[in-house]
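A quick write-up on the structure given underneath.
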Amino acid sequence: MTYIKLDYTNAEPFFGHYQIEFLKESVAAIHEQMHSGRSKHQDALGWLTYPQDIDPQEIERIQKTAQHIQQTSDILLVIGIGGSYLGARAAIEMLTHPFKYSIPGPTQHKPQILYVGQNLSSTYMTQVMQALKGKDFAINIISKSGTTTEPAIAFRIFRKLLEDKYGKEEARKRIIATTDAEQGALRELAQQEGYVTFTIPRDIGGRYSVLTPVGLLPMATAGIDIQQVLTGAKQAYNELLTADITENSAYQYAIIRNILFQKGMAIELFVAYEPSLQFFAEWWKQLFGESEGKERRGIFPASATFTTDLHSFGQYIQEGQRDLFETILTVKEPAHDLVIGSDPDNIDGLNYLAGKTVNKVNEQATIGALNAHAEGGVPAVTFEVPRLDAFTFGYLVYYFEKACAMSAYLFGVNPFDQPGVELYKTNMFKLLEKPGYTETAKSI
Ligand code: PA5
């Protein structure tokens, strides 16, 4: 019995059970490779055991640093992109109140977490600067390579702002750098300036790094119990130690995705019925898209929040081109529920719902949409978690990381590189005449 419940009865009509059996041995071989310590990608498999391996003293240091930021800053500016950004934001959006800054009560929601370095919008950066005016703030710059352009530009701009506000000496104490142990410009700068630093293990790539200081420091600063996050991840680690697909539902999921792809389902729509899961979906999309989409293979990862999006592209899902399947994440116990009242006039005609809870309606909408989409030819895989808390977040992260690695291997690609991300950078560097990129590029 696993913490997460996987149900693929709504996908089964689209394939034969023998197809799962057919992949059983490949899965066992891949599992053995991943866990043998002799994988050809051994230098990228650190995430596999990290929830077990993390040093308790490192957790304590993260918590102490977070407390210090809470005591000294109104805002923590997290600078990072891709795997150095999405995981922390996914946790913070999932687990903290969306309107916390409008709720009366002076300090319990301090500090606010703001993000930069995840785009190159001068308007957005200026707006963040405006939000920082008159506020005490600190910076957590996160970059494994230490050379990614977007966070590097943001760091240059916001470090200057910090130095102008506090002077160089105090500014240094307000910067925390999370980066590689030795390599990269950020490590060099951090050493030179004497910033507090946290290390991203060499054998954990960006999109697999949320359970390292990359995600843990912003989470702890936002008040999330990171011990619980790691406990959840450890539970997933233990549950998924088996190669037996009848017991390892992450591997079942990986297999089903692969079979559905072979049946022409090239798009996977990650669906949640809680808006707080929107950034979890963003993290999930990066994980699967960057791990799997190479060598002209892989499923295109998309996402939707229902019921909201049922009223936007629900029509397409029901009746558009038949090349997609849904992966639905449901939550058994909502953090809050509301009872719908009775109205003597009943002009809105809603008295048939009086006494029912809003969550009950959400549940029925989930079943209604699932069945309608199945009728329309859309297979669905459903996951259920008991609740959304720190434990669940850690569990889900580890669960999908493992499922993703298995799925990418089943596609026959390396889950841990991202060669295709380089081309846009090379083109941009040529256009910007970065030293070393001298060839002429086509400008539009
Ligand atoms: O998953 C990945 O490797 C990428 O998404 C990186 O996390 C992203 O490009 C940021 O890289 P870095 O942390 O080196 O700045």
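Lettering and numbering for the structure tokens are positional, with chains as A, B, ... in the shown order, residues counted from 1 in each chain, and ligands counted from 1 in the shown order.
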Next item on the list: For Glu25 (chain A), work out the shell of residues within 12 Å, counting only C-alpha atoms and skipping chain neighbours fewer than 6 positions away, then give it as a list in words.
Entry: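 Once the nearby chain positions are removed, what remains is Gln19, His31, Glu32, Ala243, Asp244, Ile245, Tyr251, Ile255 and Leu410 of chain A.
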Next item on the list: Among the residues of region 304-360 of chain A, find those DSSP assigns to strand (DSSP E) from the backbone and print them as JSON, numbers by chain.
Entry: {"A": [304, 305, 324, 325, 326, 327, 328, 329, 330, 331]}
Residue selection dump (N, CA and C atoms) as a PDB file, in the first residue's frame:
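After the write, out-v3.pdb holds the following:
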ATOM      1  N   ALA A 304      -3.037  21.910 -16.737  1.00  0.00           N
ATOM      2  CA  ALA A 304      -4.296  22.655 -16.645  1.00  0.00           C
ATOM      3  C   ALA A 304      -4.774  22.646 -15.196  1.00  0.00           C
ATOM      4  N   THR A 305      -5.468  23.711 -14.828  1.00  0.00           N
ATOM      5  CA  THR A 305      -6.147  23.734 -13.537  1.00  0.00           C
ATOM      6  C   THR A 305      -7.634  23.630 -13.821  1.00  0.00           C
ATOM      7  N   LEU A 324      -3.982  13.246 -26.908  1.00  0.00           N
ATOM      8  CA  LEU A 324      -3.558  13.577 -25.554  1.00  0.00           C
ATOM      9  C   LEU A 324      -4.159  12.645 -24.515  1.00  0.00           C
ATOM     10  N   PHE A 325      -3.447  12.571 -23.391  1.00  0.00           N
ATOM     11  CA  PHE A 325      -4.004  11.878 -22.228  1.00  0.00           C
ATOM     12  C   PHE A 325      -3.819  12.762 -21.008  1.00  0.00           C
ATOM     13  N   GLU A 326      -4.577  12.444 -19.961  1.00  0.00           N
ATOM     14  CA  GLU A 326      -4.524  13.274 -18.759  1.00  0.00           C
ATOM     15  C   GLU A 326      -3.876  12.525 -17.602  1.00  0.00           C
ATOM     16  N   THR A 327      -3.114  13.259 -16.818  1.00  0.00           N
ATOM     17  CA  THR A 327      -2.597  12.744 -15.555  1.00  0.00           C
ATOM     18  C   THR A 327      -3.166  13.653 -14.473  1.00  0.00           C
ATOM     19  N   ILE A 328      -4.066  13.096 -13.682  1.00  0.00           N
ATOM     20  CA  ILE A 328      -4.841  13.938 -12.762  1.00  0.00           C
ATOM     21  C   ILE A 328      -4.367  13.718 -11.338  1.00  0.00           C
ATOM     22  N   LEU A 329      -4.079  14.819 -10.647  1.00  0.00           N
ATOM     23  CA  LEU A 329      -3.668  14.717  -9.239  1.00  0.00           C
ATOM     24  C   LEU A 329      -4.807  15.239  -8.368  1.00  0.00           C
ATOM     25  N   THR A 330      -5.385  14.344  -7.552  1.00  0.00           N
ATOM     26  CA  THR A 330      -6.476  14.783  -6.679  1.00  0.00           C
ATOM     27  C   THR A 330      -6.033  14.729  -5.217  1.00  0.00           C
ATOM     28  N   VAL A 331      -6.738  15.506  -4.400  1.00  0.00           N
ATOM     29  CA  VAL A 331      -6.401  15.619  -2.979  1.00  0.00           C
ATOM     30  C   VAL A 331      -7.630  15.195  -2.184  1.00  0.00           C
TER      31      VAL A 331
END
Next item on the list: Give as a PyMOL selection string the residues surrounding ligand 1 up to a distance of 8 Å, considering only C-alpha atoms and all ligand atoms.
Entry: chain A and resi 80-85+142-149+151+179+205-208+286-287+290+416-418+421
Item checked: region 54-61 of chain A environment, 10 Å, only C-alpha atoms, sequence neighbours closer than 4 positions dropped, as a list in words ->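 The filter keeps Thr49, Tyr50, Thr65, Ala66, Gln67, Phe198, Thr199, Leu211, Thr212, Pro213, Leu216, Leu217, Ala220, Ile226, Gln227 and Leu230 of chain A.
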Checklist line | Shortest interatomic distance to Met34 (chain A) - which of A:Leu161, A:Leu189, A:Ala131, A:Met406, counting only C-alpha atoms | finding: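 Answer, going by the shortest atom-to-atom distance: A:Met406.
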Margin query: Taking 5 positions as the minimum chain separation for residues in the same chain, which residues sit within 9 Å of Thr242 (chain A) when counting only C-alpha atoms? Answer as a ChimeraX atom specification.
Written below: /A:28,31,247-248
Deliver the residues from the most recent selection as a file, using N, CA and C atoms, as a tab-separated table (two decimals), in the first residue's frame.
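The resulting selection18.tsv:
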chain	number	residue	atom	x	y	z
A	28	ALA	N	12.94	-3.69	-14.99
A	28	ALA	CA	13.81	-4.32	-13.97
A	28	ALA	C	15.27	-4.08	-14.29
A	31	HIS	N	16.08	-0.43	-13.55
A	31	HIS	CA	16.11	-0.26	-12.08
A	31	HIS	C	17.44	-0.76	-11.53
A	247	GLU	N	4.32	-3.62	-7.49
A	247	GLU	CA	4.40	-2.85	-6.23
A	247	GLU	C	4.88	-1.43	-6.43
A	248	ASN	N	5.57	-1.17	-7.52
A	248	ASN	CA	6.16	0.15	-7.73
A	248	ASN	C	5.28	0.95	-8.69
Closest contacts (region 307-418 of chain A/region 37-40 of chain A, max 12 Å, only C-alpha atoms) as CSV:
residue,atom,partner,partner_atom,distance
A:Tyr409,CA,A:Ser39,CA,11.8
A:Asn414,CA,A:Lys40,CA,9.8
A:Pro415,CA,A:Lys40,CA,11.7
A:Phe416,CA,A:Lys40,CA,11.2
Checklist line | Nearest-residue call for Ile92 (chain A), choices A:Asp343, A:Glu433, A:Asp74, A:Asp225, using only C-alpha atoms | finding: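 The closest residue to Ile92 (chain A) is A:Asp225.
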May I have the residues within 8 Å of Lys110 (chain A) as a compact mmCIF listing (two decimals) with all heavy atoms, in the first residue's frame, using only C-alpha atoms and disregarding those fewer than 6 positions away in the same chain?
# COMPACT_ATOMS: atom_id res chain seq x y z
N GLN A 70 14.46 35.47 8.25
CA GLN A 70 13.13 35.84 8.77
C GLN A 70 13.25 37.02 9.74
O GLN A 70 12.41 37.90 9.77
CB GLN A 70 12.49 34.65 9.48
CG GLN A 70 11.97 33.59 8.53
CD GLN A 70 11.66 32.27 9.21
OE1 GLN A 70 12.04 32.04 10.36
NE2 GLN A 70 10.98 31.38 8.51
N SER A 73 14.76 40.34 7.45
CA SER A 73 14.27 40.79 6.13
C SER A 73 12.75 40.72 6.00
O SER A 73 12.12 39.81 6.51
CB SER A 73 14.89 39.93 5.02
OG SER A 73 16.28 40.05 5.03
N ASP A 74 12.22 41.69 5.27
CA ASP A 74 10.79 41.65 4.93
C ASP A 74 10.59 40.80 3.67
O ASP A 74 9.52 40.24 3.45
CB ASP A 74 10.28 43.05 4.61
CG ASP A 74 10.50 44.01 5.76
OD1 ASP A 74 10.13 43.65 6.89
OD2 ASP A 74 11.08 45.10 5.53
N ILE A 75 11.64 40.76 2.85
CA ILE A 75 11.53 40.05 1.56
C ILE A 75 12.79 39.23 1.33
O ILE A 75 13.91 39.70 1.57
CB ILE A 75 11.35 41.06 0.39
CG1 ILE A 75 9.99 41.76 0.50
CG2 ILE A 75 11.48 40.37 -0.97
CD1 ILE A 75 9.74 42.86 -0.50
N ALA A 222 10.27 30.44 3.95
CA ALA A 222 8.82 30.69 3.82
C ALA A 222 8.02 30.00 4.93
O ALA A 222 6.79 30.04 4.93
CB ALA A 222 8.34 30.22 2.45
Note to self: Report, in Å to a single decimal, how far apart CA of His311 (chain A) and CA of Leu370 (chain A) are.
What the structure shows: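 Calculated distance between CA of Leu370 (chain A) and CA of His311 (chain A) is 14.9 Å.
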Next item on the list: Measuring atom to atom with only C-alpha atoms, identify which of A:Ser122, A:Thr221, A:Gln127, A:Asn362 is nearest to Ile69 (chain A).
Entry: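 Counting only C-alpha atoms, the residue closest to Ile69 (chain A) is A:Thr221.
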Check: Of the candidates A:Tyr398, A:Tyr101, A:Tyr3, A:Tyr352, which one gets nearest to Gln52 (chain A) if we count only C-alpha atoms?
Finding: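 Checking each of A:Tyr398, A:Tyr101, A:Tyr3, A:Tyr352 against Gln52 (chain A), counting only C-alpha atoms, the winner is A:Tyr398.
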Item checked: Pick from A:Arg202, A:His373, A:His41, A:Arg159, whichever lies nearest to Gly184 (chain A) using only C-alpha atoms ->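 Closest to Gly184 (chain A) of all the choices is A:Arg202.
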Check: Which is closer to Ile79 (chain A) than all the others in A:Gly167, A:Gly349, A:Gly194, A:Pro218, using only C-alpha atoms?
Finding: A:Pro218
